[in-house]
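Structure file input.csv (CSV, C-alpha atoms) follows.
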```
chain,number,residue,atom,x,y,z
A,98,MET,CA,-31.4,-10.2,25.0
A,99,ALA,CA,-28.2,-9.1,26.8
A,100,LEU,CA,-27.8,-7.7,30.3
A,101,THR,CA,-25.7,-4.6,29.9
A,102,ALA,CA,-23.3,-2.9,32.4
A,103,GLY,CA,-21.4,0.3,32.3
A,104,SER,CA,-19.6,2.6,34.7
A,105,TRP,CA,-18.0,6.1,34.6
A,106,SER,CA,-15.4,8.0,32.6
A,107,CYS,CA,-13.8,7.5,29.2
A,108,ASN,CA,-10.4,7.5,27.5
A,109,PHE,CA,-11.7,9.8,24.7
A,110,ALA,CA,-12.4,13.5,24.9
A,111,CYS,CA,-15.3,13.8,22.4
A,112,PRO,CA,-17.1,17.1,23.0
A,113,TRP,CA,-20.4,15.8,21.6
A,114,CYS,CA,-20.6,12.7,23.8
A,115,GLN,CA,-24.2,11.3,23.9
A,116,ASN,CA,-23.5,9.6,27.2
A,117,TRP,CA,-21.7,12.5,28.8
A,118,ASP,CA,-23.5,12.3,32.1
A,119,ILE,CA,-21.5,9.2,32.9
A,120,SER,CA,-18.5,9.4,30.6
A,121,LYS,CA,-17.5,12.9,31.7
A,122,GLU,CA,-18.2,12.4,35.4
A,123,PRO,CA,-15.9,10.7,38.0
A,124,PRO,CA,-17.4,7.8,39.8
A,125,PRO,CA,-19.0,8.6,43.2
A,126,ALA,CA,-16.9,8.3,46.3
A,127,ARG,CA,-18.7,5.1,47.3
A,128,PRO,CA,-20.1,3.6,44.2
A,129,ALA,CA,-22.3,0.5,44.3
A,130,TYR,CA,-20.4,-2.6,43.3
A,131,THR,CA,-21.8,-5.7,41.6
A,132,ALA,CA,-19.5,-8.7,41.7
A,133,PRO,CA,-19.0,-10.5,38.3
A,134,GLU,CA,-20.7,-13.6,39.8
A,135,ASP,CA,-23.7,-11.5,40.8
A,136,PHE,CA,-23.9,-9.9,37.4
A,137,VAL,CA,-23.9,-13.2,35.6
A,138,ALA,CA,-26.5,-14.6,38.1
A,139,ARG,CA,-28.7,-11.6,37.4
A,140,ALA,CA,-28.5,-12.2,33.7
A,141,LEU,CA,-29.6,-15.7,34.1
A,142,ARG,CA,-32.5,-14.8,36.4
A,143,ALA,CA,-33.6,-12.3,33.8
A,144,HIS,CA,-33.6,-15.0,31.1
A,145,CYS,CA,-30.9,-13.1,29.1
A,146,GLN,CA,-28.9,-15.0,26.4
A,147,GLY,CA,-25.8,-12.8,26.9
A,148,THR,CA,-23.9,-10.0,28.5
A,149,SER,CA,-22.7,-6.7,27.2
A,150,ILE,CA,-20.3,-4.1,28.5
A,151,SER,CA,-21.3,-0.7,27.1
A,152,PHE,CA,-22.6,2.8,28.0
A,153,ASN,CA,-19.3,4.4,28.8
A,154,GLU,CA,-15.9,3.0,27.6
A,155,PRO,CA,-15.6,-0.7,28.6
A,156,THR,CA,-11.8,-0.6,28.4
A,157,LEU,CA,-11.9,1.2,31.8
A,158,SER,CA,-13.6,-1.9,33.3
A,159,LEU,CA,-11.2,-4.4,31.6
A,160,GLU,CA,-10.5,-6.6,34.6
A,161,TRP,CA,-14.2,-6.8,35.6
A,162,SER,CA,-15.2,-7.5,32.0
A,163,LEU,CA,-12.7,-10.4,31.8
A,164,ASP,CA,-14.2,-12.0,34.9
A,165,VAL,CA,-17.7,-11.5,33.7
A,166,PHE,CA,-16.9,-13.0,30.3
A,167,ARG,CA,-15.3,-16.1,31.7
A,168,LEU,CA,-18.2,-16.8,34.1
A,169,ALA,CA,-20.8,-16.0,31.5
A,170,ARG,CA,-19.3,-18.3,28.9
A,171,ALA,CA,-19.1,-21.1,31.4
A,172,ARG,CA,-22.9,-20.7,31.9
A,173,GLY,CA,-23.6,-20.7,28.2
A,174,LEU,CA,-24.1,-17.0,27.7
A,175,TYR,CA,-22.6,-15.0,24.9
A,176,ASN,CA,-20.4,-11.8,25.5
A,177,THR,CA,-20.4,-8.5,23.7
A,178,LEU,CA,-18.6,-5.2,23.9
A,179,VAL,CA,-19.7,-1.7,22.7
A,180,SER,CA,-16.5,0.3,22.5
A,181,ASN,CA,-14.5,3.1,20.9
A,182,GLY,CA,-11.9,0.4,20.2
A,183,TYR,CA,-9.0,2.3,21.9
A,184,MET,CA,-7.2,-0.4,23.8
A,185,THR,CA,-3.9,-2.2,23.5
A,186,ALA,CA,-3.6,-5.3,21.4
A,187,ALA,CA,-2.8,-7.2,24.6
A,188,ALA,CA,-6.1,-6.1,26.2
A,189,LEU,CA,-8.0,-7.1,23.1
A,190,PHE,CA,-6.4,-10.6,23.2
A,191,HIS,CA,-7.3,-11.0,26.8
A,192,LEU,CA,-11.0,-10.1,26.0
A,193,VAL,CA,-11.0,-12.7,23.2
A,194,ALA,CA,-9.5,-15.4,25.4
A,195,ALA,CA,-12.0,-14.7,28.2
A,196,GLY,CA,-14.9,-15.3,25.9
A,197,LEU,CA,-15.7,-12.2,23.8
A,198,ASP,CA,-18.1,-13.2,21.0
A,199,ALA,CA,-19.0,-9.9,19.3
A,200,ALA,CA,-18.1,-6.2,19.3
A,201,ASN,CA,-19.5,-3.0,18.0
A,202,ILE,CA,-16.7,-0.5,17.5
A,203,ASP,CA,-17.0,3.3,16.8
A,204,ILE,CA,-15.1,4.8,13.9
A,205,LYS,CA,-15.7,8.5,14.7
A,206,GLY,CA,-14.1,10.0,11.6
A,207,ASP,CA,-10.9,10.4,9.7
A,208,ALA,CA,-7.5,10.8,11.3
A,209,ALA,CA,-7.7,14.6,11.6
A,210,ALA,CA,-11.2,14.6,13.1
A,211,VAL,CA,-10.4,11.9,15.7
A,212,ARG,CA,-7.1,13.6,16.7
A,213,THR,CA,-8.7,17.0,17.0
A,214,HIS,CA,-11.9,16.2,18.8
A,215,CYS,CA,-11.2,12.9,20.6
A,216,GLY,CA,-7.5,13.3,21.3
A,217,ALA,CA,-6.8,9.8,19.9
A,218,ASP,CA,-5.1,8.0,17.0
A,219,VAL,CA,-7.8,6.4,14.8
A,220,GLU,CA,-5.3,3.9,13.4
A,221,VAL,CA,-5.3,2.2,16.8
A,222,VAL,CA,-9.0,1.6,16.3
A,223,TRP,CA,-8.6,0.3,12.8
A,224,ARG,CA,-5.9,-2.0,13.9
A,225,ASN,CA,-8.1,-3.4,16.6
A,226,CYS,CA,-11.0,-3.9,14.2
A,227,ARG,CA,-8.7,-5.9,12.0
A,228,LEU,CA,-7.5,-8.0,15.0
A,229,LEU,CA,-11.1,-8.7,16.0
A,230,ARG,CA,-11.9,-10.0,12.5
A,231,GLN,CA,-8.7,-12.1,12.4
A,232,ALA,CA,-9.8,-13.6,15.8
A,233,GLY,CA,-13.1,-14.6,14.4
A,234,ILE,CA,-15.1,-12.2,16.5
A,235,TRP,CA,-18.4,-10.9,15.0
A,236,LEU,CA,-17.7,-7.2,14.3
A,237,GLU,CA,-20.0,-4.3,13.6
A,238,VAL,CA,-18.9,-0.6,13.0
A,239,THR,CA,-20.8,2.5,14.1
A,240,THR,CA,-20.2,6.1,12.9
A,241,LEU,CA,-22.1,8.9,14.6
A,242,VAL,CA,-22.6,11.3,11.7
A,243,ILE,CA,-21.9,14.8,13.1
A,244,PRO,CA,-22.3,18.0,11.2
A,245,THR,CA,-19.0,19.9,10.7
A,246,VAL,CA,-17.0,16.9,11.9
A,247,ASN,CA,-17.4,13.8,9.7
A,248,ASP,CA,-20.5,14.4,7.5
A,249,VAL,CA,-18.7,15.3,4.3
A,250,GLN,CA,-18.7,12.8,1.5
A,251,GLU,CA,-14.9,12.4,1.5
A,252,SER,CA,-14.9,11.4,5.2
A,253,LEU,CA,-17.8,9.0,5.0
A,254,ARG,CA,-16.6,7.4,1.8
A,255,GLY,CA,-13.2,6.9,3.3
A,256,ILE,CA,-14.7,5.0,6.3
A,257,ALA,CA,-16.9,2.9,4.1
A,258,ARG,CA,-14.1,2.1,1.8
A,259,ARG,CA,-11.8,1.0,4.6
A,260,ILE,CA,-14.5,-1.2,6.1
A,261,ALA,CA,-14.9,-2.9,2.8
A,262,GLY,CA,-11.2,-3.2,2.0
A,263,GLU,CA,-9.8,-4.0,5.5
A,264,LEU,CA,-12.6,-5.6,7.4
A,265,GLY,CA,-14.9,-7.1,4.8
A,266,TYR,CA,-18.0,-6.4,2.8
A,267,ASP,CA,-20.2,-8.3,5.2
A,268,VAL,CA,-19.2,-6.1,8.2
A,269,PRO,CA,-22.3,-4.1,9.1
A,270,TRP,CA,-22.0,-0.3,9.2
A,271,HIS,CA,-24.4,1.7,11.3
A,272,VAL,CA,-24.6,5.4,10.5
A,273,THR,CA,-26.4,7.1,13.3
A,274,ALA,CA,-27.9,10.4,14.2
A,275,TYR,CA,-26.2,12.8,16.5
A,276,TYR,CA,-28.0,15.2,18.8
A,277,PRO,CA,-26.5,18.3,20.5
A,278,ALA,CA,-25.0,17.3,23.9
A,279,TYR,CA,-22.3,18.1,26.4
A,280,ARG,CA,-20.1,20.9,24.8
A,281,PHE,CA,-21.1,20.5,21.2
A,282,ALA,CA,-23.9,22.7,19.8
A,283,ALA,CA,-24.0,21.8,16.1
A,284,PRO,CA,-27.6,21.1,15.0
A,285,PRO,CA,-28.9,17.5,14.9
A,286,THR,CA,-27.8,15.3,12.0
A,287,PRO,CA,-30.2,16.0,9.0
A,288,LEU,CA,-31.9,12.8,7.8
A,289,ALA,CA,-30.5,13.6,4.3
A,290,ALA,CA,-27.0,13.3,5.7
A,291,LEU,CA,-27.7,9.9,7.1
A,292,GLU,CA,-29.3,8.7,3.9
A,293,ARG,CA,-26.3,10.0,1.9
A,294,ALA,CA,-24.0,8.0,4.2
A,295,TRP,CA,-26.3,4.9,3.7
A,296,ARG,CA,-26.0,5.3,-0.1
A,297,ILE,CA,-22.2,5.8,0.1
A,298,GLY,CA,-21.9,2.6,2.1
A,299,HIS,CA,-23.7,0.6,-0.6
A,300,GLU,CA,-21.8,2.3,-3.3
A,301,GLU,CA,-18.6,1.1,-1.7
A,302,GLY,CA,-19.9,-2.4,-1.7
A,303,LEU,CA,-21.0,-2.9,1.9
A,304,ARG,CA,-23.8,-5.4,2.0
A,305,TYR,CA,-25.3,-4.3,5.3
A,306,VAL,CA,-25.7,-0.6,6.1
A,307,TYR,CA,-28.1,0.7,8.7
A,308,VAL,CA,-29.6,4.1,9.6
A,309,GLY,CA,-29.6,4.5,13.4
A,310,ASN,CA,-31.3,6.7,16.0
A,311,VAL,CA,-34.2,7.4,13.6
A,312,ALA,CA,-37.0,5.0,14.8
A,313,GLY,CA,-39.2,3.7,12.0
A,314,HIS,CA,-36.8,4.5,9.2
A,315,PRO,CA,-36.6,1.8,6.5
A,316,GLY,CA,-32.8,1.9,6.9
A,317,GLU,CA,-33.2,0.0,10.1
A,318,HIS,CA,-34.1,-3.2,8.2
A,319,THR,CA,-32.0,-6.0,6.9
A,320,ARG,CA,-32.5,-6.8,3.2
A,321,CYS,CA,-31.0,-9.7,1.2
A,322,PRO,CA,-27.9,-8.4,-0.6
A,323,ALA,CA,-28.7,-10.7,-3.5
A,324,CYS,CA,-32.4,-10.3,-4.3
A,325,GLY,CA,-33.3,-7.3,-2.1
A,326,ALA,CA,-36.0,-9.1,-0.1
A,327,LEU,CA,-36.9,-7.7,3.3
A,328,LEU,CA,-35.6,-10.1,5.8
A,329,ILE,CA,-35.5,-8.5,9.3
A,330,GLU,CA,-37.9,-5.7,10.0
A,331,ARG,CA,-37.0,-3.5,13.0
A,332,GLU,CA,-38.4,-0.5,14.8
A,333,GLY,CA,-36.0,1.0,17.3
A,334,LEU,CA,-34.9,-1.8,19.6
A,335,ALA,CA,-37.7,-4.1,18.5
A,336,VAL,CA,-37.6,-6.8,15.8
A,337,ARG,CA,-41.0,-6.8,14.2
A,338,LYS,CA,-40.4,-9.6,11.7
A,339,ASN,CA,-37.6,-12.1,11.0
A,340,ARG,CA,-38.0,-14.1,7.8
A,341,LEU,CA,-34.5,-15.8,7.9
A,342,GLN,CA,-34.5,-19.5,7.6
A,343,GLU,CA,-31.3,-21.0,9.1
A,344,GLY,CA,-29.4,-17.8,8.3
A,345,ARG,CA,-30.5,-17.7,4.7
A,346,CYS,CA,-32.9,-15.6,2.6
A,347,PRO,CA,-36.1,-17.7,2.1
A,348,ASP,CA,-36.6,-16.2,-1.4
A,349,CYS,CA,-33.3,-16.9,-3.1
A,350,GLY,CA,-31.3,-18.9,-0.6
A,351,GLN,CA,-28.5,-16.3,-0.1
A,352,GLU,CA,-26.5,-16.8,3.1
A,353,ILE,CA,-26.9,-13.8,5.3
A,354,ALA,CA,-23.8,-12.8,7.4
A,355,GLY,CA,-24.4,-12.8,11.1
A,356,VAL,CA,-24.6,-15.0,14.2
A,357,TRP,CA,-28.0,-16.6,14.2
A,358,GLY,CA,-29.6,-18.4,17.2
A,359,PRO,CA,-32.4,-21.0,17.0
```
Could you spell out this file's structure in structure tokens?
Amino acid sequence: MALTAGSWSCNFACPWCQNWDISKEPPPARPAYTAPEDFVARALRAHCQGTSISFNEPTLSLEWSLDVFRLARARGLYNTLVSNGYMTAAALFHLVAAGLDAANIDIKGDAAAVRTHCGADVEVVWRNCRLLRQAGIWLEVTTLVIPTVNDVQESLRGIARRIAGELGYDVPWHVTAYYPAYRFAAPPTPLAALERAWRIGHEEGLRYVYVGNVAGHPGEHTRCPACGALLIEREGLAVRKNRLQEGRCPDCGQEIAGVWGP
């Protein structure tokens, strides 16, 4: 479990933002403030094992995150980031030095889609994903599959191929369902589109591809890439069963990529 914090605003302009009520709103005139020391103390009181900066874009809370990560690591907690990955290399290096352990980064589409809808250069995000891998940070990639934006085979296959080729076959790829929000009225992502993305990921050699935002779908589970055995069974945010033995498949002994606690 991780105690998670977020704030307001974002450095992307995505018209479909699923967290638009905080990412597209300015902070209140007198926002409540939690000092980094208090946040880490709260995580410990709640018996969490780690911290996470998420919800809106963590890059906007960089200095606060650095303080939290340093304090949390000193108390034996892990630190994670859920981000669009749009920060300078220097900011990323500061996060790693402060105690970042893992990151989930959004790849929102190909270069044209990200430039048109988000107002950003997706190559900055790919660069930062590569830097995270080079620094030994556990990395996972998420793509919100959005009709008319990035749901065509060419776009999805391009993302999967780059993950495999530039980041590694063991980097998990989460293909998640979009729902109409903020200023985007396209219909929700059809299940067939998510399942097509799941297949494309496997066709490109990715060992761990997950279907997200569809509770109860078998694509939430982790299977052994060697023998296909069901290893971790999930439902939404809950882990229903975990058969891993010291990070390996109990049936064939295959090592399963990840960061496994006791």
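Minimum distance to A:Val219 across A:Gly233, A:Gly262, A:Phe109, A:Val193 (counting all atoms listed in the file) occurs at A:Phe109.
Omitting A:Ala171 and its sequence neighbours fewer than 2 positions away, and counting all atoms listed in the file, the residues within 12 Å are A:Glu134, A:Val137, A:Ala138, A:Gly147, A:Asp164, A:Val165, A:Phe166, A:Arg167, A:Leu168, A:Ala169, A:Gly173, A:Leu174, A:Tyr175, A:Asn176, A:Ala195, A:Gly196.
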Contacts of stretch 301-356 of chain A with stretch 265-288 of chain A up to 6 Å, shortest pair per row, only C-alpha atoms, as a Markdown table:
```
| residue | atom | partner | partner_atom | distance |
| --- | --- | --- | --- | --- |
| A:Leu303 | CA | A:Tyr266 | CA | 4.7 |
| A:Arg304 | CA | A:Asp267 | CA | 5.6 |
| A:Tyr305 | CA | A:Pro269 | CA | 4.8 |
| A:Val306 | CA | A:Trp270 | CA | 4.8 |
| A:Tyr307 | CA | A:His271 | CA | 4.6 |
| A:Val308 | CA | A:Val272 | CA | 5.2 |
| A:Gly309 | CA | A:Thr273 | CA | 4.1 |
| A:Asn310 | CA | A:Ala274 | CA | 5.3 |
```
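Comparing the minimum interatomic distances between A:Val356 and each of A:Ile243, A:Ala294, A:Leu228, A:Leu236, counting only C-alpha atoms, we find that A:Leu236 sits nearest.
Coordinates place atom CA of A:Gln146 at a distance of 24.3 Å from atom CA of A:Cys226.
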One decimal place gives the atom CA of A:Arg259-atom CA of A:Val222 separation as 12.0 Å
List as a VMD selection string the protein and nucleic acid residues near A:Asn225, meaning an atom at most 9 Å away when all atoms listed in the file are counted, but skip any in the same chain fewer than 6 places from it. chain A and resid 182 to 186 189
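If you measure from each of A:Ile234, A:Thr319, A:Ala140, A:Val179 to A:Asp198 using all atoms listed in the file, the closest one turns out to be A:Ile234.
Across A:Ala129, A:Arg320, A:Leu100, A:Gly325, the tightest approach to A:Asn339 is made by A:Arg320 when counting all atoms listed in the file.
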Go through A:Ile202, A:Ala312, A:Leu192, A:Ile353 and flag the residue nearest A:Ile329, using all atoms listed in the file for the distances. A:Ile353
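If you count all atoms listed in the file and ignore residues fewer than 2 places along the chain from A:Ser106, what sits within 12 Å of it is Gly103, Ser104, Asn108, Phe109, Ala110, Cys111, Cys114, Asn116, Trp117, Asp118, Ile119, Ser120, Lys121, Glu122, Pro123, Pro124, Pro125, Ser151, Phe152, Asn153, Glu154, Pro155, Thr156, Leu157 and Ser158 of chain A.
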Give me stretch 204-215 of chain A with all heavy atoms filled in, as an mmCIF file, in the coordinates of the input.
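Generated file (rebuild32.cif):
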```cif
data_model
loop_
_atom_site.group_PDB
_atom_site.id
_atom_site.type_symbol
_atom_site.label_atom_id
_atom_site.label_comp_id
_atom_site.auth_asym_id
_atom_site.auth_seq_id
_atom_site.Cartn_x
_atom_site.Cartn_y
_atom_site.Cartn_z
ATOM 1 N N ILE A 204 -16.116 4.073 14.748
ATOM 2 C CA ILE A 204 -15.100 4.800 13.900
ATOM 3 C C ILE A 204 -15.679 6.211 13.821
ATOM 4 O O ILE A 204 -16.660 6.467 13.125
ATOM 5 C CB ILE A 204 -14.955 4.166 12.542
ATOM 6 C CG1 ILE A 204 -14.432 2.734 12.660
ATOM 7 C CG2 ILE A 204 -14.023 5.027 11.702
ATOM 8 C CD1 ILE A 204 -13.003 2.616 13.128
ATOM 9 N N LYS A 205 -15.056 7.148 14.524
ATOM 10 C CA LYS A 205 -15.700 8.500 14.700
ATOM 11 C C LYS A 205 -15.340 9.464 13.627
ATOM 12 O O LYS A 205 -15.894 10.560 13.621
ATOM 13 C CB LYS A 205 -15.256 9.010 16.083
ATOM 14 C CG LYS A 205 -15.759 8.130 17.240
ATOM 15 C CD LYS A 205 -15.346 8.688 18.583
ATOM 16 C CE LYS A 205 -15.809 7.786 19.721
ATOM 17 N NZ LYS A 205 -17.270 7.798 19.894
ATOM 18 N N GLY A 206 -14.456 9.104 12.703
ATOM 19 C CA GLY A 206 -14.100 10.000 11.600
ATOM 20 C C GLY A 206 -12.752 9.707 11.068
ATOM 21 O O GLY A 206 -12.178 8.644 11.346
ATOM 22 N N ASP A 207 -12.233 10.630 10.263
ATOM 23 C CA ASP A 207 -10.900 10.400 9.700
ATOM 24 C C ASP A 207 -9.840 10.770 10.751
ATOM 25 O O ASP A 207 -10.154 11.174 11.883
ATOM 26 C CB ASP A 207 -10.718 11.208 8.416
ATOM 27 C CG ASP A 207 -10.906 12.712 8.593
ATOM 28 O OD1 ASP A 207 -10.742 13.212 9.735
ATOM 29 O OD2 ASP A 207 -11.206 13.397 7.594
ATOM 30 N N ALA A 208 -8.582 10.622 10.370
ATOM 31 C CA ALA A 208 -7.500 10.800 11.300
ATOM 32 C C ALA A 208 -7.503 12.194 11.950
ATOM 33 O O ALA A 208 -7.325 12.343 13.171
ATOM 34 C CB ALA A 208 -6.152 10.534 10.643
ATOM 35 N N ALA A 209 -7.723 13.227 11.124
ATOM 36 C CA ALA A 209 -7.700 14.600 11.600
ATOM 37 C C ALA A 209 -8.827 14.856 12.618
ATOM 38 O O ALA A 209 -8.636 15.475 13.674
ATOM 39 C CB ALA A 209 -7.740 15.595 10.483
ATOM 40 N N ALA A 210 -10.033 14.385 12.284
ATOM 41 C CA ALA A 210 -11.200 14.600 13.100
ATOM 42 C C ALA A 210 -11.023 13.921 14.493
ATOM 43 O O ALA A 210 -11.306 14.501 15.552
ATOM 44 C CB ALA A 210 -12.464 14.136 12.455
ATOM 45 N N VAL A 211 -10.548 12.681 14.466
ATOM 46 C CA VAL A 211 -10.400 11.900 15.700
ATOM 47 C C VAL A 211 -9.281 12.528 16.568
ATOM 48 O O VAL A 211 -9.400 12.628 17.790
ATOM 49 C CB VAL A 211 -10.151 10.442 15.410
ATOM 50 C CG1 VAL A 211 -9.842 9.664 16.688
ATOM 51 C CG2 VAL A 211 -11.369 9.835 14.713
ATOM 52 N N ARG A 212 -8.212 12.962 15.936
ATOM 53 C CA ARG A 212 -7.100 13.600 16.700
ATOM 54 C C ARG A 212 -7.575 14.905 17.307
ATOM 55 O O ARG A 212 -7.285 15.196 18.476
ATOM 56 C CB ARG A 212 -5.917 13.809 15.771
ATOM 57 C CG ARG A 212 -4.691 14.373 16.483
ATOM 58 C CD ARG A 212 -3.479 14.377 15.563
ATOM 59 N NE ARG A 212 -3.729 15.114 14.318
ATOM 60 C CZ ARG A 212 -3.853 14.544 13.129
ATOM 61 N NH1 ARG A 212 -3.777 13.230 12.999
ATOM 62 N NH2 ARG A 212 -4.064 15.281 12.043
ATOM 63 N N THR A 213 -8.292 15.715 16.532
ATOM 64 C CA THR A 213 -8.700 17.000 17.000
ATOM 65 C C THR A 213 -9.756 16.970 18.084
ATOM 66 O O THR A 213 -9.665 17.653 19.105
ATOM 67 C CB THR A 213 -9.241 17.862 15.816
ATOM 68 O OG1 THR A 213 -8.204 18.018 14.849
ATOM 69 C CG2 THR A 213 -9.719 19.227 16.283
ATOM 70 N N HIS A 214 -10.774 16.153 17.887
ATOM 71 C CA HIS A 214 -11.900 16.200 18.800
ATOM 72 C C HIS A 214 -11.866 15.105 19.883
ATOM 73 O O HIS A 214 -12.430 15.313 20.958
ATOM 74 C CB HIS A 214 -13.214 15.948 17.966
ATOM 75 C CG HIS A 214 -13.505 17.051 17.012
ATOM 76 N ND1 HIS A 214 -13.977 18.283 17.409
ATOM 77 C CD2 HIS A 214 -13.395 17.118 15.660
ATOM 78 C CE1 HIS A 214 -14.151 19.057 16.354
ATOM 79 N NE2 HIS A 214 -13.799 18.375 15.276
ATOM 80 N N CYS A 215 -11.221 13.983 19.626
ATOM 81 C CA CYS A 215 -11.200 12.900 20.600
ATOM 82 C C CYS A 215 -9.877 12.734 21.302
ATOM 83 O O CYS A 215 -9.786 12.028 22.312
ATOM 84 C CB CYS A 215 -11.557 11.564 19.909
ATOM 85 S SG CYS A 215 -13.068 11.612 18.922
#
```
